[in-house]
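Chemist: See work.cif below, with mmCIF, N, CA and C atoms.
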```
data_structure
loop_
_atom_site.label_atom_id
_atom_site.label_comp_id
_atom_site.auth_asym_id
_atom_site.auth_seq_id
_atom_site.Cartn_x
_atom_site.Cartn_y
_atom_site.Cartn_z
N MET A 59 -17.25 -76.57 -2.70
CA MET A 59 -18.43 -77.42 -2.78
C MET A 59 -18.15 -78.49 -3.82
N ARG A 60 -18.49 -79.70 -3.50
CA ARG A 60 -18.27 -80.82 -4.40
C ARG A 60 -19.59 -81.57 -4.56
N ILE A 61 -19.90 -81.89 -5.82
CA ILE A 61 -21.14 -82.58 -6.15
C ILE A 61 -20.84 -83.81 -6.99
N VAL A 62 -21.53 -84.89 -6.67
CA VAL A 62 -21.56 -86.05 -7.55
C VAL A 62 -22.99 -86.11 -8.07
N LEU A 63 -23.12 -86.02 -9.39
CA LEU A 63 -24.42 -85.98 -10.04
C LEU A 63 -24.57 -87.23 -10.89
N GLN A 64 -25.68 -87.93 -10.71
CA GLN A 64 -25.95 -89.14 -11.50
C GLN A 64 -27.28 -89.00 -12.22
N ARG A 65 -27.28 -89.42 -13.48
CA ARG A 65 -28.53 -89.50 -14.23
C ARG A 65 -29.20 -90.80 -13.81
N VAL A 66 -30.44 -90.71 -13.39
CA VAL A 66 -31.12 -91.90 -12.86
C VAL A 66 -32.48 -92.12 -13.52
N ALA A 67 -32.87 -93.38 -13.55
CA ALA A 67 -34.22 -93.75 -13.98
C ALA A 67 -35.17 -93.69 -12.78
N HIS A 68 -34.60 -93.89 -11.58
CA HIS A 68 -35.36 -93.89 -10.34
C HIS A 68 -34.38 -93.76 -9.19
N ALA A 69 -34.75 -93.08 -8.13
CA ALA A 69 -33.94 -93.02 -6.92
C ALA A 69 -34.82 -92.71 -5.73
N GLN A 70 -34.40 -93.21 -4.57
CA GLN A 70 -35.12 -92.90 -3.34
C GLN A 70 -34.17 -92.96 -2.17
N VAL A 71 -34.54 -92.27 -1.11
CA VAL A 71 -33.74 -92.27 0.11
C VAL A 71 -34.67 -92.56 1.29
N GLN A 72 -34.18 -93.44 2.16
CA GLN A 72 -34.95 -93.82 3.34
C GLN A 72 -34.16 -93.50 4.60
N VAL A 73 -34.89 -93.13 5.64
CA VAL A 73 -34.33 -92.92 6.97
C VAL A 73 -35.17 -93.74 7.94
N ASP A 74 -34.54 -94.66 8.64
CA ASP A 74 -35.25 -95.53 9.59
C ASP A 74 -36.45 -96.22 8.95
N GLY A 75 -36.29 -96.69 7.71
CA GLY A 75 -37.35 -97.42 7.02
C GLY A 75 -38.42 -96.55 6.38
N GLU A 76 -38.34 -95.25 6.59
CA GLU A 76 -39.32 -94.31 6.02
C GLU A 76 -38.73 -93.66 4.78
N THR A 77 -39.47 -93.68 3.66
CA THR A 77 -39.03 -93.00 2.45
C THR A 77 -39.22 -91.51 2.65
N VAL A 78 -38.10 -90.76 2.60
CA VAL A 78 -38.17 -89.32 2.80
C VAL A 78 -38.02 -88.55 1.49
N GLY A 79 -37.53 -89.21 0.44
CA GLY A 79 -37.40 -88.59 -0.87
C GLY A 79 -37.43 -89.66 -1.94
N LYS A 80 -38.13 -89.39 -3.04
CA LYS A 80 -38.27 -90.39 -4.10
C LYS A 80 -38.50 -89.68 -5.42
N ILE A 81 -37.75 -90.10 -6.45
CA ILE A 81 -37.95 -89.51 -7.79
C ILE A 81 -37.96 -90.59 -8.85
N ASP A 82 -38.50 -90.23 -10.00
CA ASP A 82 -38.39 -91.05 -11.19
C ASP A 82 -37.30 -90.43 -12.06
N LYS A 83 -37.41 -90.47 -13.35
CA LYS A 83 -36.35 -90.02 -14.25
C LYS A 83 -35.87 -88.61 -13.91
N GLY A 84 -34.55 -88.50 -13.76
CA GLY A 84 -33.98 -87.21 -13.43
C GLY A 84 -32.55 -87.33 -12.96
N ILE A 85 -32.20 -86.53 -11.93
CA ILE A 85 -30.83 -86.54 -11.43
C ILE A 85 -30.80 -86.72 -9.91
N LEU A 86 -29.83 -87.49 -9.48
CA LEU A 86 -29.52 -87.68 -8.07
C LEU A 86 -28.26 -86.88 -7.80
N ILE A 87 -28.34 -85.95 -6.84
CA ILE A 87 -27.22 -85.06 -6.55
C ILE A 87 -26.75 -85.29 -5.12
N TYR A 88 -25.49 -85.71 -4.98
CA TYR A 88 -24.85 -85.80 -3.67
C TYR A 88 -24.06 -84.51 -3.48
N VAL A 89 -24.23 -83.87 -2.32
CA VAL A 89 -23.62 -82.57 -2.06
C VAL A 89 -22.68 -82.66 -0.86
N GLY A 90 -21.41 -82.27 -1.09
CA GLY A 90 -20.45 -82.14 -0.01
C GLY A 90 -20.06 -80.68 0.14
N VAL A 91 -19.92 -80.24 1.39
CA VAL A 91 -19.61 -78.84 1.67
C VAL A 91 -18.29 -78.76 2.43
N THR A 92 -17.45 -77.82 2.02
CA THR A 92 -16.19 -77.58 2.71
C THR A 92 -16.24 -76.21 3.40
N HIS A 93 -15.20 -75.90 4.15
CA HIS A 93 -15.17 -74.70 5.00
C HIS A 93 -15.39 -73.39 4.27
N GLU A 94 -14.87 -73.24 3.07
CA GLU A 94 -14.89 -71.96 2.37
C GLU A 94 -16.10 -71.75 1.46
N ASP A 95 -17.02 -72.67 1.43
CA ASP A 95 -18.12 -72.58 0.48
C ASP A 95 -19.04 -71.40 0.77
N THR A 96 -19.50 -70.77 -0.32
CA THR A 96 -20.32 -69.57 -0.24
C THR A 96 -21.62 -69.77 -1.00
N GLU A 97 -22.52 -68.80 -0.84
CA GLU A 97 -23.77 -68.84 -1.59
C GLU A 97 -23.51 -68.74 -3.09
N GLU A 98 -22.49 -67.99 -3.47
CA GLU A 98 -22.14 -67.86 -4.89
C GLU A 98 -21.81 -69.23 -5.49
N GLN A 99 -21.06 -70.03 -4.77
CA GLN A 99 -20.72 -71.37 -5.25
C GLN A 99 -21.96 -72.24 -5.34
N ALA A 100 -22.83 -72.15 -4.33
CA ALA A 100 -24.07 -72.93 -4.34
C ALA A 100 -24.93 -72.53 -5.53
N HIS A 101 -25.01 -71.24 -5.81
CA HIS A 101 -25.80 -70.75 -6.94
C HIS A 101 -25.23 -71.27 -8.25
N HIS A 102 -23.91 -71.16 -8.42
CA HIS A 102 -23.26 -71.63 -9.64
C HIS A 102 -23.52 -73.12 -9.87
N LEU A 103 -23.37 -73.92 -8.83
CA LEU A 103 -23.55 -75.36 -8.99
C LEU A 103 -25.01 -75.76 -9.16
N ALA A 104 -25.92 -75.03 -8.54
CA ALA A 104 -27.35 -75.31 -8.74
C ALA A 104 -27.71 -75.08 -10.21
N GLU A 105 -27.26 -73.96 -10.75
CA GLU A 105 -27.51 -73.65 -12.17
C GLU A 105 -26.86 -74.71 -13.07
N LYS A 106 -25.65 -75.11 -12.75
CA LYS A 106 -24.93 -76.11 -13.54
C LYS A 106 -25.70 -77.43 -13.54
N CYS A 107 -26.16 -77.86 -12.37
CA CYS A 107 -26.89 -79.13 -12.27
C CYS A 107 -28.18 -79.11 -13.09
N LEU A 108 -28.90 -78.00 -13.00
CA LEU A 108 -30.18 -77.90 -13.72
C LEU A 108 -30.00 -77.81 -15.23
N ASN A 109 -28.89 -77.25 -15.68
CA ASN A 109 -28.70 -76.99 -17.11
C ASN A 109 -27.71 -77.91 -17.81
N LEU A 110 -27.08 -78.80 -17.08
CA LEU A 110 -26.12 -79.72 -17.67
C LEU A 110 -26.84 -80.65 -18.64
N ARG A 111 -26.39 -80.67 -19.88
CA ARG A 111 -27.07 -81.45 -20.92
C ARG A 111 -26.54 -82.89 -20.91
N ILE A 112 -27.29 -83.76 -20.23
CA ILE A 112 -26.86 -85.15 -20.05
C ILE A 112 -27.93 -86.16 -20.49
N PHE A 113 -29.02 -85.66 -21.03
CA PHE A 113 -30.10 -86.54 -21.50
C PHE A 113 -30.16 -86.51 -23.02
N GLU A 114 -30.62 -87.63 -23.60
CA GLU A 114 -30.73 -87.67 -25.06
C GLU A 114 -32.05 -87.07 -25.51
N ASN A 115 -32.04 -86.61 -26.77
CA ASN A 115 -33.27 -86.03 -27.33
C ASN A 115 -34.13 -87.12 -27.96
N ALA A 116 -35.23 -86.72 -28.57
CA ALA A 116 -36.19 -87.68 -29.16
C ALA A 116 -35.56 -88.50 -30.28
N GLU A 117 -34.54 -87.95 -30.94
CA GLU A 117 -33.87 -88.67 -32.02
C GLU A 117 -32.77 -89.59 -31.50
N GLY A 118 -32.58 -89.64 -30.19
CA GLY A 118 -31.57 -90.51 -29.60
C GLY A 118 -30.18 -89.92 -29.55
N LYS A 119 -30.03 -88.63 -29.87
CA LYS A 119 -28.72 -87.99 -29.79
C LYS A 119 -28.39 -87.71 -28.33
N ARG A 120 -27.23 -88.19 -27.92
CA ARG A 120 -26.81 -88.06 -26.52
C ARG A 120 -26.41 -86.63 -26.16
N ASN A 121 -26.57 -86.35 -24.88
CA ASN A 121 -26.12 -85.08 -24.28
C ASN A 121 -26.68 -83.85 -24.99
N GLN A 122 -27.97 -83.88 -25.23
CA GLN A 122 -28.64 -82.77 -25.90
C GLN A 122 -29.57 -81.98 -24.97
N LEU A 123 -30.08 -82.64 -23.92
CA LEU A 123 -31.10 -82.03 -23.08
C LEU A 123 -30.70 -82.03 -21.61
N SER A 124 -31.19 -81.03 -20.89
CA SER A 124 -30.95 -80.94 -19.45
C SER A 124 -32.15 -81.53 -18.69
N VAL A 125 -32.00 -81.65 -17.39
CA VAL A 125 -33.12 -82.11 -16.57
C VAL A 125 -34.29 -81.13 -16.67
N LEU A 126 -34.00 -79.85 -16.88
CA LEU A 126 -35.06 -78.86 -17.10
C LEU A 126 -35.81 -79.15 -18.40
N ASP A 127 -35.05 -79.46 -19.46
CA ASP A 127 -35.65 -79.71 -20.77
C ASP A 127 -36.59 -80.90 -20.77
N ILE A 128 -36.27 -81.91 -19.97
CA ILE A 128 -37.11 -83.12 -19.96
C ILE A 128 -38.15 -83.10 -18.84
N SER A 129 -38.19 -82.00 -18.09
CA SER A 129 -39.06 -81.90 -16.90
C SER A 129 -38.84 -83.07 -15.97
N GLY A 130 -37.56 -83.38 -15.75
CA GLY A 130 -37.19 -84.48 -14.87
C GLY A 130 -37.35 -84.11 -13.41
N GLU A 131 -36.90 -85.00 -12.56
CA GLU A 131 -37.01 -84.79 -11.12
C GLU A 131 -35.62 -84.78 -10.51
N VAL A 132 -35.51 -84.23 -9.31
CA VAL A 132 -34.21 -84.05 -8.66
C VAL A 132 -34.28 -84.56 -7.22
N LEU A 133 -33.30 -85.39 -6.85
CA LEU A 133 -33.16 -85.84 -5.47
C LEU A 133 -31.80 -85.38 -4.98
N VAL A 134 -31.78 -84.61 -3.88
CA VAL A 134 -30.55 -84.04 -3.34
C VAL A 134 -30.26 -84.69 -1.98
N VAL A 135 -29.03 -85.19 -1.84
CA VAL A 135 -28.61 -85.88 -0.62
C VAL A 135 -27.31 -85.27 -0.13
N SER A 136 -27.28 -84.87 1.14
CA SER A 136 -26.04 -84.34 1.71
C SER A 136 -25.07 -85.51 1.93
N GLN A 137 -23.78 -85.25 1.65
CA GLN A 137 -22.80 -86.32 1.81
C GLN A 137 -21.43 -85.74 2.13
N PHE A 138 -21.17 -85.62 3.43
CA PHE A 138 -19.89 -85.04 3.86
C PHE A 138 -18.71 -85.90 3.45
N THR A 139 -18.94 -87.18 3.19
CA THR A 139 -17.83 -88.07 2.82
C THR A 139 -17.21 -87.72 1.47
N LEU A 140 -17.85 -86.84 0.71
CA LEU A 140 -17.23 -86.37 -0.53
C LEU A 140 -15.95 -85.61 -0.25
N TYR A 141 -15.79 -85.15 0.99
CA TYR A 141 -14.55 -84.48 1.39
C TYR A 141 -13.68 -85.38 2.27
N GLY A 142 -13.87 -86.68 2.17
CA GLY A 142 -13.01 -87.62 2.88
C GLY A 142 -11.66 -87.72 2.17
N ASP A 143 -10.59 -87.57 2.92
CA ASP A 143 -9.23 -87.66 2.38
C ASP A 143 -8.65 -89.03 2.77
N CYS A 144 -8.41 -89.86 1.77
CA CYS A 144 -7.95 -91.23 2.00
C CYS A 144 -6.49 -91.43 1.61
N ARG A 145 -5.75 -90.34 1.46
CA ARG A 145 -4.37 -90.45 0.99
C ARG A 145 -3.44 -91.06 2.03
N LYS A 146 -3.71 -90.85 3.30
CA LYS A 146 -2.82 -91.36 4.35
C LYS A 146 -3.55 -92.40 5.18
N GLY A 147 -2.85 -93.45 5.51
CA GLY A 147 -3.41 -94.45 6.40
C GLY A 147 -4.59 -95.18 5.83
N ARG A 148 -5.34 -95.78 6.75
CA ARG A 148 -6.49 -96.60 6.35
C ARG A 148 -7.82 -96.03 6.80
N ARG A 149 -7.77 -94.89 7.46
CA ARG A 149 -8.99 -94.26 7.92
C ARG A 149 -9.10 -92.88 7.27
N PRO A 150 -10.24 -92.58 6.63
CA PRO A 150 -10.38 -91.27 5.98
C PRO A 150 -10.34 -90.13 7.01
N SER A 151 -9.79 -89.02 6.58
CA SER A 151 -9.82 -87.79 7.36
C SER A 151 -10.89 -86.90 6.76
N PHE A 152 -11.66 -86.26 7.63
CA PHE A 152 -12.72 -85.39 7.15
C PHE A 152 -12.45 -83.93 7.53
N ASP A 153 -11.20 -83.58 7.65
CA ASP A 153 -10.81 -82.21 8.01
C ASP A 153 -11.30 -81.18 7.00
N GLN A 154 -11.42 -81.58 5.74
CA GLN A 154 -11.84 -80.64 4.70
C GLN A 154 -13.36 -80.41 4.69
N ALA A 155 -14.11 -81.31 5.32
CA ALA A 155 -15.57 -81.15 5.37
C ALA A 155 -15.93 -80.04 6.35
N ALA A 156 -16.91 -79.24 5.98
CA ALA A 156 -17.38 -78.18 6.86
C ALA A 156 -18.05 -78.79 8.09
N PRO A 157 -18.01 -78.09 9.22
CA PRO A 157 -18.75 -78.58 10.39
C PRO A 157 -20.25 -78.64 10.07
N PRO A 158 -20.97 -79.55 10.71
CA PRO A 158 -22.38 -79.75 10.37
C PRO A 158 -23.22 -78.48 10.37
N GLU A 159 -23.00 -77.58 11.33
CA GLU A 159 -23.81 -76.36 11.42
C GLU A 159 -23.63 -75.50 10.16
N GLN A 160 -22.41 -75.39 9.68
CA GLN A 160 -22.12 -74.61 8.47
C GLN A 160 -22.60 -75.35 7.23
N ALA A 161 -22.32 -76.64 7.15
CA ALA A 161 -22.70 -77.44 5.98
C ALA A 161 -24.21 -77.47 5.78
N GLU A 162 -24.95 -77.54 6.86
CA GLU A 162 -26.40 -77.60 6.75
C GLU A 162 -26.96 -76.33 6.11
N ILE A 163 -26.42 -75.18 6.47
CA ILE A 163 -26.88 -73.92 5.90
C ILE A 163 -26.63 -73.89 4.39
N VAL A 164 -25.42 -74.27 3.97
CA VAL A 164 -25.08 -74.26 2.55
C VAL A 164 -25.91 -75.30 1.79
N TYR A 165 -26.05 -76.48 2.37
CA TYR A 165 -26.84 -77.55 1.74
C TYR A 165 -28.29 -77.08 1.50
N HIS A 166 -28.92 -76.54 2.54
CA HIS A 166 -30.31 -76.10 2.40
C HIS A 166 -30.43 -74.93 1.42
N ARG A 167 -29.43 -74.07 1.39
CA ARG A 167 -29.45 -72.97 0.42
C ARG A 167 -29.37 -73.52 -1.00
N PHE A 168 -28.51 -74.52 -1.21
CA PHE A 168 -28.40 -75.16 -2.52
C PHE A 168 -29.76 -75.71 -2.95
N VAL A 169 -30.45 -76.39 -2.05
CA VAL A 169 -31.77 -76.95 -2.36
C VAL A 169 -32.74 -75.83 -2.70
N GLU A 170 -32.73 -74.74 -1.93
CA GLU A 170 -33.62 -73.61 -2.19
C GLU A 170 -33.37 -73.01 -3.57
N LEU A 171 -32.11 -73.00 -4.00
CA LEU A 171 -31.76 -72.44 -5.31
C LEU A 171 -32.28 -73.30 -6.46
N LEU A 172 -32.57 -74.56 -6.21
CA LEU A 172 -33.13 -75.45 -7.23
C LEU A 172 -34.64 -75.27 -7.39
N LYS A 173 -35.30 -74.87 -6.34
CA LYS A 173 -36.77 -74.84 -6.31
C LYS A 173 -37.42 -73.93 -7.34
N PRO A 174 -36.88 -72.76 -7.68
CA PRO A 174 -37.54 -71.92 -8.69
C PRO A 174 -37.65 -72.59 -10.07
N SER A 175 -36.96 -73.70 -10.27
CA SER A 175 -37.02 -74.42 -11.55
C SER A 175 -38.39 -75.03 -11.82
N SER A 176 -39.22 -75.15 -10.80
CA SER A 176 -40.55 -75.78 -10.88
C SER A 176 -40.48 -77.28 -11.10
N LEU A 177 -39.29 -77.87 -11.02
CA LEU A 177 -39.16 -79.32 -11.07
C LEU A 177 -39.51 -79.90 -9.71
N THR A 178 -39.81 -81.19 -9.68
CA THR A 178 -39.97 -81.88 -8.40
C THR A 178 -38.60 -81.99 -7.76
N ILE A 179 -38.44 -81.42 -6.57
CA ILE A 179 -37.18 -81.46 -5.84
C ILE A 179 -37.43 -82.21 -4.54
N GLN A 180 -36.74 -83.32 -4.37
CA GLN A 180 -36.84 -84.12 -3.16
C GLN A 180 -35.48 -84.11 -2.48
N THR A 181 -35.45 -84.40 -1.18
CA THR A 181 -34.19 -84.41 -0.44
C THR A 181 -34.13 -85.60 0.50
N GLY A 182 -32.90 -85.86 0.93
CA GLY A 182 -32.70 -86.76 2.05
C GLY A 182 -32.90 -85.97 3.32
N ARG A 183 -32.36 -86.48 4.43
CA ARG A 183 -32.46 -85.77 5.70
C ARG A 183 -31.04 -85.47 6.18
N PHE A 184 -30.74 -84.21 6.34
CA PHE A 184 -29.39 -83.79 6.70
C PHE A 184 -28.95 -84.47 7.99
N GLN A 185 -27.73 -84.99 7.98
CA GLN A 185 -27.04 -85.60 9.11
C GLN A 185 -27.71 -86.88 9.62
N ALA A 186 -28.59 -87.48 8.83
CA ALA A 186 -29.21 -88.74 9.20
C ALA A 186 -28.47 -89.88 8.52
N MET A 187 -28.58 -91.07 9.08
CA MET A 187 -28.09 -92.27 8.41
C MET A 187 -29.13 -92.63 7.37
N MET A 188 -28.74 -92.53 6.10
CA MET A 188 -29.69 -92.70 5.00
C MET A 188 -29.34 -93.94 4.18
N GLU A 189 -30.36 -94.57 3.65
CA GLU A 189 -30.20 -95.63 2.67
C GLU A 189 -30.65 -95.06 1.33
N VAL A 190 -29.72 -94.97 0.39
CA VAL A 190 -30.03 -94.40 -0.92
C VAL A 190 -30.05 -95.54 -1.93
N GLU A 191 -31.14 -95.62 -2.66
CA GLU A 191 -31.30 -96.63 -3.70
C GLU A 191 -31.48 -95.90 -5.02
N SER A 192 -30.74 -96.32 -6.03
CA SER A 192 -30.90 -95.67 -7.32
C SER A 192 -30.70 -96.66 -8.45
N ILE A 193 -31.35 -96.37 -9.55
CA ILE A 193 -31.12 -97.11 -10.79
C ILE A 193 -30.49 -96.10 -11.73
N ASN A 194 -29.18 -96.25 -11.92
CA ASN A 194 -28.44 -95.33 -12.78
C ASN A 194 -28.84 -95.55 -14.23
N ASP A 195 -28.96 -94.46 -14.94
CA ASP A 195 -29.33 -94.49 -16.35
C ASP A 195 -28.08 -94.24 -17.17
N GLY A 196 -27.50 -95.30 -17.65
CA GLY A 196 -26.28 -95.16 -18.46
C GLY A 196 -25.25 -96.23 -18.14
N PRO A 197 -24.55 -96.15 -17.07
CA PRO A 197 -24.53 -95.12 -16.04
C PRO A 197 -23.88 -93.83 -16.51
N VAL A 198 -24.41 -92.72 -16.00
CA VAL A 198 -23.87 -91.39 -16.31
C VAL A 198 -23.64 -90.71 -14.96
N THR A 199 -22.38 -90.43 -14.65
CA THR A 199 -22.01 -89.81 -13.37
C THR A 199 -20.96 -88.74 -13.60
N PHE A 200 -21.15 -87.58 -12.95
CA PHE A 200 -20.21 -86.46 -13.07
C PHE A 200 -19.84 -85.94 -11.70
N VAL A 201 -18.62 -85.45 -11.56
CA VAL A 201 -18.17 -84.76 -10.37
C VAL A 201 -18.04 -83.29 -10.73
N LEU A 202 -18.72 -82.44 -9.99
CA LEU A 202 -18.70 -80.99 -10.22
C LEU A 202 -18.14 -80.30 -8.98
N GLU A 203 -17.29 -79.31 -9.19
CA GLU A 203 -16.74 -78.55 -8.08
C GLU A 203 -16.72 -77.08 -8.43
N LYS A 204 -16.82 -76.27 -7.41
CA LYS A 204 -16.69 -74.83 -7.57
C LYS A 204 -15.99 -74.29 -6.36
#
```
What does the file become when written as structure tokens?
Modeler:
Amino acid sequence: MRIVLQRVAHAQVQVDGETVGKIDKGILIYVGVTHEDTEEQAHHLAEKCLNLRIFENAEGKRNQLSVLDISGEVLVVSQFTLYGDCRKGRRPSFDQAAPPEQAEIVYHRFVELLKPSSLTIQTGRFQAMMEVESINDGPVTFVLEK
């Protein structure tokens, strides 16, 4: 499982002109799923995303608080292209990406694992052509894998 996590001031995702997910201050999480991914990996990465200390505290000290600590919001977007292999030729290979049926199960499980946090959790729409708009805060971006 591969995640790109961004600290954002605002983010939203639209499908066919309709806003399907929208957050204010918090984290935007892009999720890619590969063939071997398990619920254990989804659980580990959900916990990591919620507890990663990437926000500053009231005194302005960086990397002191998590999205949980600030009661931030979370937008989760599926993105199979995180497993695009561009090493050969000019067209990416997606052999490492899980088939949609498998990826959807892992993706939705990851989202479900975030929900007990009581934070606002918004999502894109799995396998849809999405327009994602975000205002990065920093910018602060991390790649997480398990």
Chemist: Counting all atoms listed in the file, what is within 5 Å of Leu108 in chain A, bar same-chain residues fewer than 2 positions away, as a list of chain:residue names?
Modeler: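 Everything that qualifies: A:Ala104, A:Glu105, A:Lys106, A:Leu110, A:Val125, A:Leu126.
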Chemist: Report the closest atom pair, with its distance in Å rounded to one decimal, for each residue of range 86-165 of chain A that has an atom no farther than 12 Å from range 186-195 of chain A; count only C-alpha atoms, sort by chain and then rising residue number, and write it as a Markdown table.
Modeler:
```
| residue | atom | partner | partner_atom | distance |
| --- | --- | --- | --- | --- |
| A:Leu86 | CA | A:Ser192 | CA | 8.1 |
| A:Ile87 | CA | A:Ser192 | CA | 11.3 |
| A:Tyr88 | CA | A:Val190 | CA | 10.4 |
| A:Ile112 | CA | A:Asp195 | CA | 10.3 |
| A:Phe113 | CA | A:Asp195 | CA | 9.5 |
| A:Glu114 | CA | A:Asp195 | CA | 11.2 |
| A:Leu133 | CA | A:Val190 | CA | 10.2 |
| A:Val134 | CA | A:Val190 | CA | 10.7 |
| A:Val135 | CA | A:Val190 | CA | 8.6 |
| A:Ser136 | CA | A:Ala186 | CA | 9.2 |
| A:Gln137 | CA | A:Met188 | CA | 9.9 |
| A:Phe138 | CA | A:Ala186 | CA | 11.4 |
| A:Pro158 | CA | A:Ala186 | CA | 11.4 |
| A:Glu162 | CA | A:Ala186 | CA | 11.7 |
```
Chemist: Write to file, as a JSON list (two decimals), keeping the file's coordinate frame, the residues of the selection just made, with N, CA and C atoms.
Modeler:
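Saved to selection12.json:
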```json
[["chain", "number", "residue", "atom", "x", "y", "z"],
["A", 86, "LEU", "N", -29.83, -87.49, -9.48],
["A", 86, "LEU", "CA", -29.52, -87.68, -8.07],
["A", 86, "LEU", "C", -28.26, -86.88, -7.80],
["A", 87, "ILE", "N", -28.34, -85.95, -6.84],
["A", 87, "ILE", "CA", -27.22, -85.06, -6.55],
["A", 87, "ILE", "C", -26.75, -85.29, -5.12],
["A", 88, "TYR", "N", -25.49, -85.71, -4.98],
["A", 88, "TYR", "CA", -24.85, -85.80, -3.67],
["A", 88, "TYR", "C", -24.06, -84.51, -3.48],
["A", 112, "ILE", "N", -27.29, -83.76, -20.23],
["A", 112, "ILE", "CA", -26.86, -85.15, -20.05],
["A", 112, "ILE", "C", -27.93, -86.16, -20.49],
["A", 113, "PHE", "N", -29.02, -85.66, -21.03],
["A", 113, "PHE", "CA", -30.10, -86.54, -21.50],
["A", 113, "PHE", "C", -30.16, -86.51, -23.02],
["A", 114, "GLU", "N", -30.62, -87.63, -23.60],
["A", 114, "GLU", "CA", -30.73, -87.67, -25.06],
["A", 114, "GLU", "C", -32.05, -87.07, -25.51],
["A", 133, "LEU", "N", -33.30, -85.39, -6.85],
["A", 133, "LEU", "CA", -33.16, -85.84, -5.47],
["A", 133, "LEU", "C", -31.80, -85.38, -4.98],
["A", 134, "VAL", "N", -31.78, -84.61, -3.88],
["A", 134, "VAL", "CA", -30.55, -84.04, -3.34],
["A", 134, "VAL", "C", -30.26, -84.69, -1.98],
["A", 135, "VAL", "N", -29.03, -85.19, -1.84],
["A", 135, "VAL", "CA", -28.61, -85.88, -0.62],
["A", 135, "VAL", "C", -27.31, -85.27, -0.13],
["A", 136, "SER", "N", -27.28, -84.87, 1.14],
["A", 136, "SER", "CA", -26.04, -84.34, 1.71],
["A", 136, "SER", "C", -25.07, -85.51, 1.93],
["A", 137, "GLN", "N", -23.78, -85.25, 1.65],
["A", 137, "GLN", "CA", -22.80, -86.32, 1.81],
["A", 137, "GLN", "C", -21.43, -85.74, 2.13],
["A", 138, "PHE", "N", -21.17, -85.62, 3.43],
["A", 138, "PHE", "CA", -19.89, -85.04, 3.86],
["A", 138, "PHE", "C", -18.71, -85.90, 3.45],
["A", 158, "PRO", "N", -20.97, -79.55, 10.71],
["A", 158, "PRO", "CA", -22.38, -79.75, 10.37],
["A", 158, "PRO", "C", -23.22, -78.48, 10.37],
["A", 162, "GLU", "N", -24.95, -77.54, 6.86],
["A", 162, "GLU", "CA", -26.40, -77.60, 6.75],
["A", 162, "GLU", "C", -26.96, -76.33, 6.11]]
```
Chemist: Taking the DSSP secondary structure from the backbone, can you list the residues of chain A that are strand (DSSP E), as a PyMOL selection string?
Modeler: chain A and resi 60-73+76-81+84-90+131-136+178-181+189-203
Chemist: So which residues touch Gly84 in chain A within 9 Å, counting only C-alpha atoms, skipping near sequence neighbours fewer than 5 positions away, as a PyMOL selection string?
Modeler: chain A and resi 64-69+113+125+128-133
Chemist: Just how far from CA of Ile85 in chain A is CA of Ile179 in chain A, in Å to one decimal?
Modeler: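 We find that CA of Ile179 in chain A and CA of Ile85 in chain A lie 9.9 Å from each other.
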Chemist: Quote the spacing between atom N of Val198 in chain A and CA of Ile163 in chain A in Å to one decimal place.
Modeler: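 Interatomic distance, atom N of Val198 in chain A to CA of Ile163 in chain A: 29.0 Å.
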Chemist: Closest to Thr96 in chain A among A:Lys204, A:Lys119, A:Gln180, A:Leu140, using all atoms listed in the file?
Modeler: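 Selected residue with least distance to Thr96 in chain A: A:Lys204.
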Chemist: By how many Å are atom N of Ile61 in chain A and atom N of Ser151 in chain A apart?
Modeler: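 For atom N of Ile61 in chain A relative to atom N of Ser151 in chain A, the distance reads 17.5 Å.
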Chemist: Rank nothing, just name the residue among A:Ala116, A:Leu63, A:Val169, A:Val73 nearest to Arg183 in chain A, using only C-alpha atoms.
Modeler: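 Counting only C-alpha atoms, the residue closest to Arg183 in chain A is A:Val73.
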Chemist: Please expand the PyMOL selection byres (((chain A and resi 202 and name CA) around 10) and name CA) into the concrete residues it hits in this file, giving the result as a VMD selection string.
Modeler: chain A and resid 59 to 63 89 103 106 to 107 199 to 201 203 to 204
Chemist: Which residue is closest to Phe184 in chain A? Choose from A:Ile81, A:Lys146, A:Val164, A:Leu172 and count only C-alpha atoms.
Modeler: A:Val164
Chemist: Among range 101-171 of chain A, which ones does DSSP assign to helix (DSSP H, G or I) (computed from the backbone)? Answer as a VMD selection string.
Modeler: chain A and resid 101 to 109 138 to 141 158 to 171
Chemist: With only C-alpha atoms as the atoms that count, which of A:Arg120, A:Asp153, A:Ser175, A:Phe168 lies nearest to Gln99 in chain A?
Modeler: A:Phe168
Chemist: Between A:Pro174, A:Pro157, A:Gly182, A:Gly142, which residue has the minimum interatomic distance to Thr77 in chain A, considering only C-alpha atoms?
Modeler: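 Selected residue with least distance to Thr77 in chain A: A:Gly182.
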Chemist: May I ask which of the residues A:Arg148, A:Arg111, A:Lys80, A:His101 is the closest one to Glu170 in chain A, counting only C-alpha atoms?
Modeler: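 When distances to Glu170 in chain A are compared using only C-alpha atoms, the smallest one comes from A:His101.
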Chemist: If you count only N, CA and C atoms, which residues fall within 5 Å of His93 in chain A, apart from same-chain ones fewer than 5 positions away, as a compact mmCIF listing (two decimals) with N, CA and C atoms, in the coordinates of the input?
Modeler:
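Dumped to result.txt:
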```txt
# COMPACT_ATOMS: atom_id res chain seq x y z
N GLN A 154 -11.42 -81.58 5.74
CA GLN A 154 -11.84 -80.64 4.70
C GLN A 154 -13.36 -80.41 4.69
N ALA A 155 -14.11 -81.31 5.32
CA ALA A 155 -15.57 -81.15 5.37
C ALA A 155 -15.93 -80.04 6.35
N ALA A 156 -16.91 -79.24 5.98
CA ALA A 156 -17.38 -78.18 6.86
C ALA A 156 -18.05 -78.79 8.09
```
Chemist: Any idea what's packed within 10 Å of Pro150 in chain A, counting only C-alpha atoms, ignoring anything in its chain fewer than 5 positions away? Could you give it as a ChimeraX atom specification?
Modeler: /A:139,141-145
